[in-house]
$ cat run.pdb   # PDB, C-alpha atoms
MODEL        1
ATOM      1  CA  MET W   1     111.914  15.761 -24.726
ATOM      2  CA  ALA W   2     113.354  12.483 -23.504
ATOM      3  CA  ARG W   3     116.623  11.226 -24.860
ATOM      4  CA  GLU W   4     116.297   7.889 -26.594
ATOM      5  CA  VAL W   5     118.643   4.989 -27.280
ATOM      6  CA  THR W   6     118.394   2.330 -29.952
ATOM      7  CA  GLN W   7     117.923  -1.318 -29.149
ATOM      8  CA  GLU W   8     121.550  -1.953 -30.128
ATOM      9  CA  THR W   9     122.896   0.741 -27.786
ATOM     10  CA  PHE W  10     120.646  -0.494 -25.010
ATOM     11  CA  ALA W  11     121.699  -4.132 -25.545
ATOM     12  CA  ALA W  12     125.346  -3.152 -25.176
ATOM     13  CA  ALA W  13     124.631  -1.124 -22.018
ATOM     14  CA  TRP W  14     122.561  -3.994 -20.587
ATOM     15  CA  ALA W  15     125.350  -6.469 -21.299
ATOM     16  CA  ASP W  16     127.717  -4.158 -19.382
ATOM     17  CA  GLY W  17     125.397  -4.141 -16.347
ATOM     18  CA  GLY W  18     123.424  -0.980 -17.099
ATOM     19  CA  LEU W  19     120.545  -0.087 -14.789
ATOM     20  CA  VAL W  20     117.193  -0.902 -16.426
ATOM     21  CA  VAL W  21     113.893   0.434 -15.088
ATOM     22  CA  ASP W  22     110.687  -1.093 -16.476
ATOM     23  CA  VAL W  23     107.760   1.326 -16.168
ATOM     24  CA  ARG W  24     105.002  -1.084 -17.175
ATOM     25  CA  GLU W  25     102.450  -2.497 -14.753
ATOM     26  CA  ALA W  26     103.261  -5.550 -12.629
ATOM     27  CA  GLY W  27     101.216  -7.951 -14.786
ATOM     28  CA  GLU W  28     103.001  -6.851 -17.949
ATOM     29  CA  TYR W  29     106.360  -7.190 -16.221
ATOM     30  CA  ALA W  30     105.514 -10.680 -14.949
ATOM     31  CA  ALA W  31     104.559 -11.790 -18.471
ATOM     32  CA  GLY W  32     108.047 -10.975 -19.743
ATOM     33  CA  HIS W  33     110.767  -8.421 -19.072
ATOM     34  CA  VAL W  34     114.413  -7.679 -19.733
ATOM     35  CA  PRO W  35     116.393  -9.780 -17.230
ATOM     36  CA  GLY W  36     117.490  -7.667 -14.285
ATOM     37  CA  ALA W  37     115.027  -4.859 -14.998
ATOM     38  CA  ARG W  38     113.688  -3.105 -11.935
ATOM     39  CA  LEU W  39     109.914  -2.624 -11.898
ATOM     40  CA  MET W  40     108.767   0.956 -11.289
ATOM     41  CA  PRO W  41     105.288   1.461 -12.806
ATOM     42  CA  LEU W  42     104.900   4.820 -14.541
ATOM     43  CA  ARG W  43     102.381   6.067 -11.961
ATOM     44  CA  THR W  44     105.033   5.625  -9.227
ATOM     45  CA  VAL W  45     108.025   7.163 -10.987
ATOM     46  CA  SER W  46     107.745  10.713  -9.643
ATOM     47  CA  ALA W  47     107.454   9.457  -6.057
ATOM     48  CA  ARG W  48     110.289   6.943  -6.452
ATOM     49  CA  CYS W  49     112.909   8.931  -8.396
ATOM     50  CA  GLY W  50     114.898   9.256  -5.173
ATOM     51  CA  GLU W  51     115.641   5.514  -5.386
ATOM     52  CA  LEU W  52     117.602   6.002  -8.604
ATOM     53  CA  PRO W  53     121.250   7.004  -8.917
ATOM     54  CA  SER W  54     122.182  10.366 -10.400
ATOM     55  CA  ASP W  55     125.757   9.316 -11.177
ATOM     56  CA  ARG W  56     125.123   6.709 -13.887
ATOM     57  CA  PRO W  57     122.736   6.253 -16.816
ATOM     58  CA  VAL W  58     119.301   4.758 -16.270
ATOM     59  CA  PHE W  59     117.672   2.945 -19.199
ATOM     60  CA  VAL W  60     113.889   3.190 -19.078
ATOM     61  CA  ILE W  61     111.792   0.614 -20.901
ATOM     62  CA  CYS W  62     108.099  -0.135 -21.376
ATOM     63  CA  ALA W  63     106.178  -2.144 -23.964
ATOM     64  CA  SER W  64     106.833   0.044 -27.011
ATOM     65  CA  GLY W  65     108.514   3.289 -25.951
ATOM     66  CA  ASN W  66     105.641   5.640 -25.081
ATOM     67  CA  ARG W  67     105.558   5.314 -21.288
ATOM     68  CA  SER W  68     109.332   5.121 -21.117
ATOM     69  CA  ARG W  69     109.641   8.496 -22.884
ATOM     70  CA  ALA W  70     107.318  10.110 -20.341
ATOM     71  CA  ALA W  71     109.162   8.482 -17.438
ATOM     72  CA  ALA W  72     112.603   9.435 -18.773
ATOM     73  CA  ASP W  73     111.439  13.049 -19.183
ATOM     74  CA  GLY W  74     110.378  13.115 -15.537
ATOM     75  CA  MET W  75     113.590  11.496 -14.382
ATOM     76  CA  ASN W  76     115.736  13.912 -16.410
ATOM     77  CA  SER W  77     113.928  16.879 -14.844
ATOM     78  CA  ARG W  78     114.977  15.476 -11.439
ATOM     79  CA  GLY W  79     118.651  15.203 -12.358
ATOM     80  CA  ILE W  80     118.714  11.539 -13.379
ATOM     81  CA  ASP W  81     120.628  10.617 -16.535
ATOM     82  CA  ALA W  82     117.709   8.697 -18.081
ATOM     83  CA  TYR W  83     117.241   7.315 -21.586
ATOM     84  CA  SER W  84     114.101   5.844 -23.135
ATOM     85  CA  VAL W  85     114.626   2.580 -25.014
ATOM     86  CA  VAL W  86     113.183   2.835 -28.541
ATOM     87  CA  GLY W  87     110.785  -0.013 -29.323
ATOM     88  CA  GLY W  88     110.622  -1.182 -25.714
ATOM     89  CA  THR W  89     110.360  -4.736 -24.494
ATOM     90  CA  SER W  90     108.415  -5.736 -27.599
ATOM     91  CA  ALA W  91     111.348  -4.915 -29.899
ATOM     92  CA  TRP W  92     113.779  -6.513 -27.422
ATOM     93  CA  ALA W  93     111.871  -9.803 -27.523
ATOM     94  CA  ARG W  94     111.337  -9.695 -31.306
ATOM     95  CA  ALA W  95     115.109  -9.403 -31.722
ATOM     96  CA  GLY W  96     115.501 -12.722 -29.898
ATOM     97  CA  ARG W  97     117.141 -11.208 -26.842
ATOM     98  CA  PRO W  98     116.649 -12.822 -23.416
ATOM     99  CA  VAL W  99     113.336 -12.323 -21.648
ATOM    100  CA  ALA W 100     112.584 -13.287 -18.054
ATOM    101  CA  ALA W 101     109.119 -14.041 -16.719
ATOM    102  CA  GLY W 102     107.712 -13.889 -13.223
ATOM    103  CA  SER W 103     106.970 -11.330 -10.578
ATOM    104  CA  ALA W 104     109.264  -8.487  -9.704
ATOM    105  CA  GLU W 105     111.844  -8.636  -6.975
ATOM    106  CA  HIS W 106     111.756  -4.852  -6.751
ATOM    107  CA  ALA W 107     108.021  -4.292  -7.210
ATOM    108  CA  ALA W 108     106.304  -1.103  -6.156
TER
ENDMDL
END
$ encode --input "run.pdb" --output "structure tokens"
Amino acid sequence: MAREVTQETFAAAWADGGLVVDVREAGEYAAGHVPGARLMPLRTVSARCGELPSDRPVFVICASGNRSRAAADGMNSRGIDAYSVVGGTSAWARAGRPVAAGSAEHAA
């Protein structure tokens, strides 16, 4: 089962430059995402895990926390220190935290 972090823990890690991977689809990402999040749609995660570091935590986010749990599970099984963000981007935005819009620089 994927390890999860609260919004508060994630916000602190993000503020410190933590690596954020957004596993939603490109259209969802473009509509609004955590600034600096790297787009890696869930369907591509297993093929792209090699792009992620194994020496630092990876914070995985989606819309609400379901896809991020599945992605974090897969990443953990491949030796990546991954954490699913509880509540996802929806909770992030509802809390009034910054949201960026537009297409991904690191799209699949």
$ resolve_selection --input "run.pdb" --expression "the PyMOL selection byres ((chain W and resi 28-33) around 8)" --output "ChimeraX atom specification"
/W:22,24-27,34-35,37,39,89,99-104
$ closest_residue --input "run.pdb" --among "W:Leu42, W:Ile80, W:Ser54, W:Thr6" --to "W:Trp92" --atoms "only C-alpha atoms"
W:Thr6
$ atom_distance --input "run.pdb" --atom1 "atom CA of W:Arg69" --atom2 "atom CA of W:Ala12"
19.7 Å
$ closest_residue --input "run.pdb" --among "W:Val45, W:Met40, W:Ala11, W:Val21" --to "W:Gly74" --atoms "all atoms listed in the file"
W:Val45
$ closest_residue --input "run.pdb" --among "W:Pro98, W:Gly36, W:Gly17, W:Gly87" --to "W:Asn66" --atoms "all atoms listed in the file"
W:Gly87
$ closest_residue --input "run.pdb" --among "W:Ala91, W:Val20, W:Val86, W:Ala47" --to "W:Phe59" --atoms "all atoms listed in the file"
W:Val20
$ closest_residue --input "run.pdb" --among "W:Arg48, W:Arg43, W:Arg78, W:Arg56" --to "W:Gly18" --atoms "all atoms listed in the file"
W:Arg56
$ closest_residue --input "run.pdb" --among "W:Leu19, W:Ala13, W:Cys62, W:Cys49" --to "W:Ser84" --atoms "only C-alpha atoms"
W:Cys62
$ atom_distance --input "run.pdb" --atom1 "atom CA of W:Met75" --atom2 "atom CA of W:Gly96"
28.8 Å
$ atom_distance --input "run.pdb" --atom1 "atom CA of W:Arg97" --atom2 "atom CA of W:Leu52"
25.1 Å
$ resolve_selection --input "run.pdb" --expression "the PyMOL selection byres ((chain W and resi 4) around 12)" --output "PyMOL selection string"
chain W and resi 1-3+5-10+57-61+65-66+68-73+76+81-88
$ decode --input "run.pdb" --residues "chain W" --atoms "C-alpha atoms" --output "compact mmCIF listing (two decimals), in the first residue's frame"
# COMPACT_ATOMS: atom_id res chain seq x y z
CA MET W 1 0.00 0.00 0.00
CA ALA W 2 1.28 3.43 -0.94
CA ARG W 3 2.62 5.75 1.70
CA GLU W 4 0.67 8.97 1.93
CA VAL W 5 1.46 12.50 3.08
CA THR W 6 -0.92 15.19 4.25
CA GLN W 7 -1.39 18.43 2.39
CA GLU W 8 0.56 20.23 5.12
CA THR W 9 3.55 17.87 4.86
CA PHE W 10 3.45 18.10 1.09
CA ALA W 11 3.25 21.92 1.15
CA ALA W 12 6.37 22.06 3.30
CA ALA W 13 8.23 19.63 1.02
CA TRP W 14 7.11 21.59 -2.06
CA ALA W 15 8.29 24.85 -0.52
CA ASP W 16 11.69 23.20 0.05
CA GLY W 17 11.93 22.20 -3.63
CA GLY W 18 10.53 18.67 -3.39
CA LEU W 19 10.04 16.73 -6.62
CA VAL W 20 6.34 16.63 -7.59
CA VAL W 21 4.99 14.23 -10.21
CA ASP W 22 1.44 14.83 -11.47
CA VAL W 23 -0.11 11.62 -12.80
CA ARG W 24 -3.24 13.15 -14.32
CA GLU W 25 -3.82 13.49 -18.05
CA ALA W 26 -2.38 16.43 -19.99
CA GLY W 27 -5.72 18.28 -20.21
CA GLU W 28 -6.24 18.08 -16.46
CA TYR W 29 -2.69 19.27 -15.86
CA ALA W 30 -3.11 22.20 -18.26
CA ALA W 31 -6.29 23.29 -16.45
CA GLY W 32 -4.37 23.69 -13.19
CA HIS W 33 -1.46 22.04 -11.40
CA VAL W 34 0.95 22.51 -8.53
CA PRO W 35 3.67 24.88 -9.81
CA GLY W 36 6.76 22.93 -10.83
CA ALA W 37 4.96 19.59 -11.01
CA ARG W 38 6.25 17.23 -13.66
CA LEU W 39 3.55 15.62 -15.81
CA MET W 40 3.72 11.82 -16.00
CA PRO W 41 0.24 10.42 -16.79
CA LEU W 42 -0.57 7.28 -14.81
CA ARG W 43 -0.56 5.09 -17.93
CA THR W 44 3.09 6.06 -18.55
CA VAL W 45 4.46 5.68 -15.02
CA SER W 46 5.74 2.11 -15.26
CA ALA W 47 7.62 2.88 -18.49
CA ARG W 48 9.03 6.16 -17.17
CA CYS W 49 10.07 5.26 -13.61
CA GLY W 50 13.69 5.26 -14.79
CA GLU W 51 13.44 9.05 -15.18
CA LEU W 52 12.91 9.48 -11.44
CA PRO W 53 15.60 9.68 -8.77
CA SER W 54 15.93 6.91 -6.19
CA ASP W 55 17.90 9.07 -3.76
CA ARG W 56 15.22 11.60 -2.77
CA PRO W 57 11.47 11.58 -2.09
CA VAL W 58 9.01 11.90 -4.95
CA PHE W 59 5.59 13.39 -4.18
CA VAL W 60 2.90 11.99 -6.45
CA ILE W 61 -0.29 13.96 -7.00
CA CYS W 62 -3.48 13.59 -9.04
CA ALA W 63 -6.93 15.15 -8.75
CA SER W 64 -8.02 13.56 -5.47
CA GLY W 65 -5.51 10.90 -4.41
CA ASN W 66 -6.68 7.71 -6.15
CA ARG W 67 -4.35 7.64 -9.17
CA SER W 68 -1.47 8.96 -7.10
CA ARG W 69 -1.78 6.02 -4.68
CA ALA W 70 -1.58 3.55 -7.56
CA ALA W 71 1.37 5.38 -9.10
CA ALA W 72 3.24 5.65 -5.79
CA ASP W 73 2.74 1.91 -5.21
CA GLY W 74 4.32 1.18 -8.59
CA MET W 75 7.17 3.59 -7.98
CA ASN W 76 7.88 2.14 -4.53
CA SER W 77 8.07 -1.36 -6.00
CA ARG W 78 10.80 -0.03 -8.33
CA GLY W 79 12.89 1.43 -5.52
CA ILE W 80 11.63 5.02 -5.68
CA ASP W 81 10.86 6.77 -2.40
CA ALA W 82 7.35 7.84 -3.47
CA TYR W 83 4.50 9.34 -1.46
CA SER W 84 0.91 9.92 -2.54
CA VAL W 85 -0.49 13.35 -1.67
CA VAL W 86 -3.79 12.99 0.21
CA GLY W 87 -6.58 15.03 -1.38
CA GLY W 88 -4.58 15.76 -4.53
CA THR W 89 -4.62 18.93 -6.55
CA SER W 90 -8.24 19.57 -5.62
CA ALA W 91 -7.40 19.90 -1.91
CA TRP W 92 -4.27 21.93 -2.77
CA ALA W 93 -6.34 24.48 -4.70
CA ARG W 94 -9.16 24.56 -2.12
CA ALA W 95 -6.57 25.47 0.51
CA GLY W 96 -5.68 28.57 -1.52
CA ARG W 97 -2.23 27.35 -2.46
CA PRO W 98 -0.67 28.41 -5.78
CA VAL W 99 -1.90 26.76 -8.96
CA ALA W 100 -0.31 27.11 -12.39
CA ALA W 101 -2.16 26.65 -15.66
CA GLY W 102 -0.93 25.75 -19.11
CA SER W 103 0.68 22.85 -20.88
CA ALA W 104 3.45 20.77 -19.42
CA GLU W 105 7.10 21.45 -20.00
CA HIS W 106 7.85 17.82 -19.21
CA ALA W 107 4.87 16.19 -20.94
CA ALA W 108 4.84 12.54 -21.91
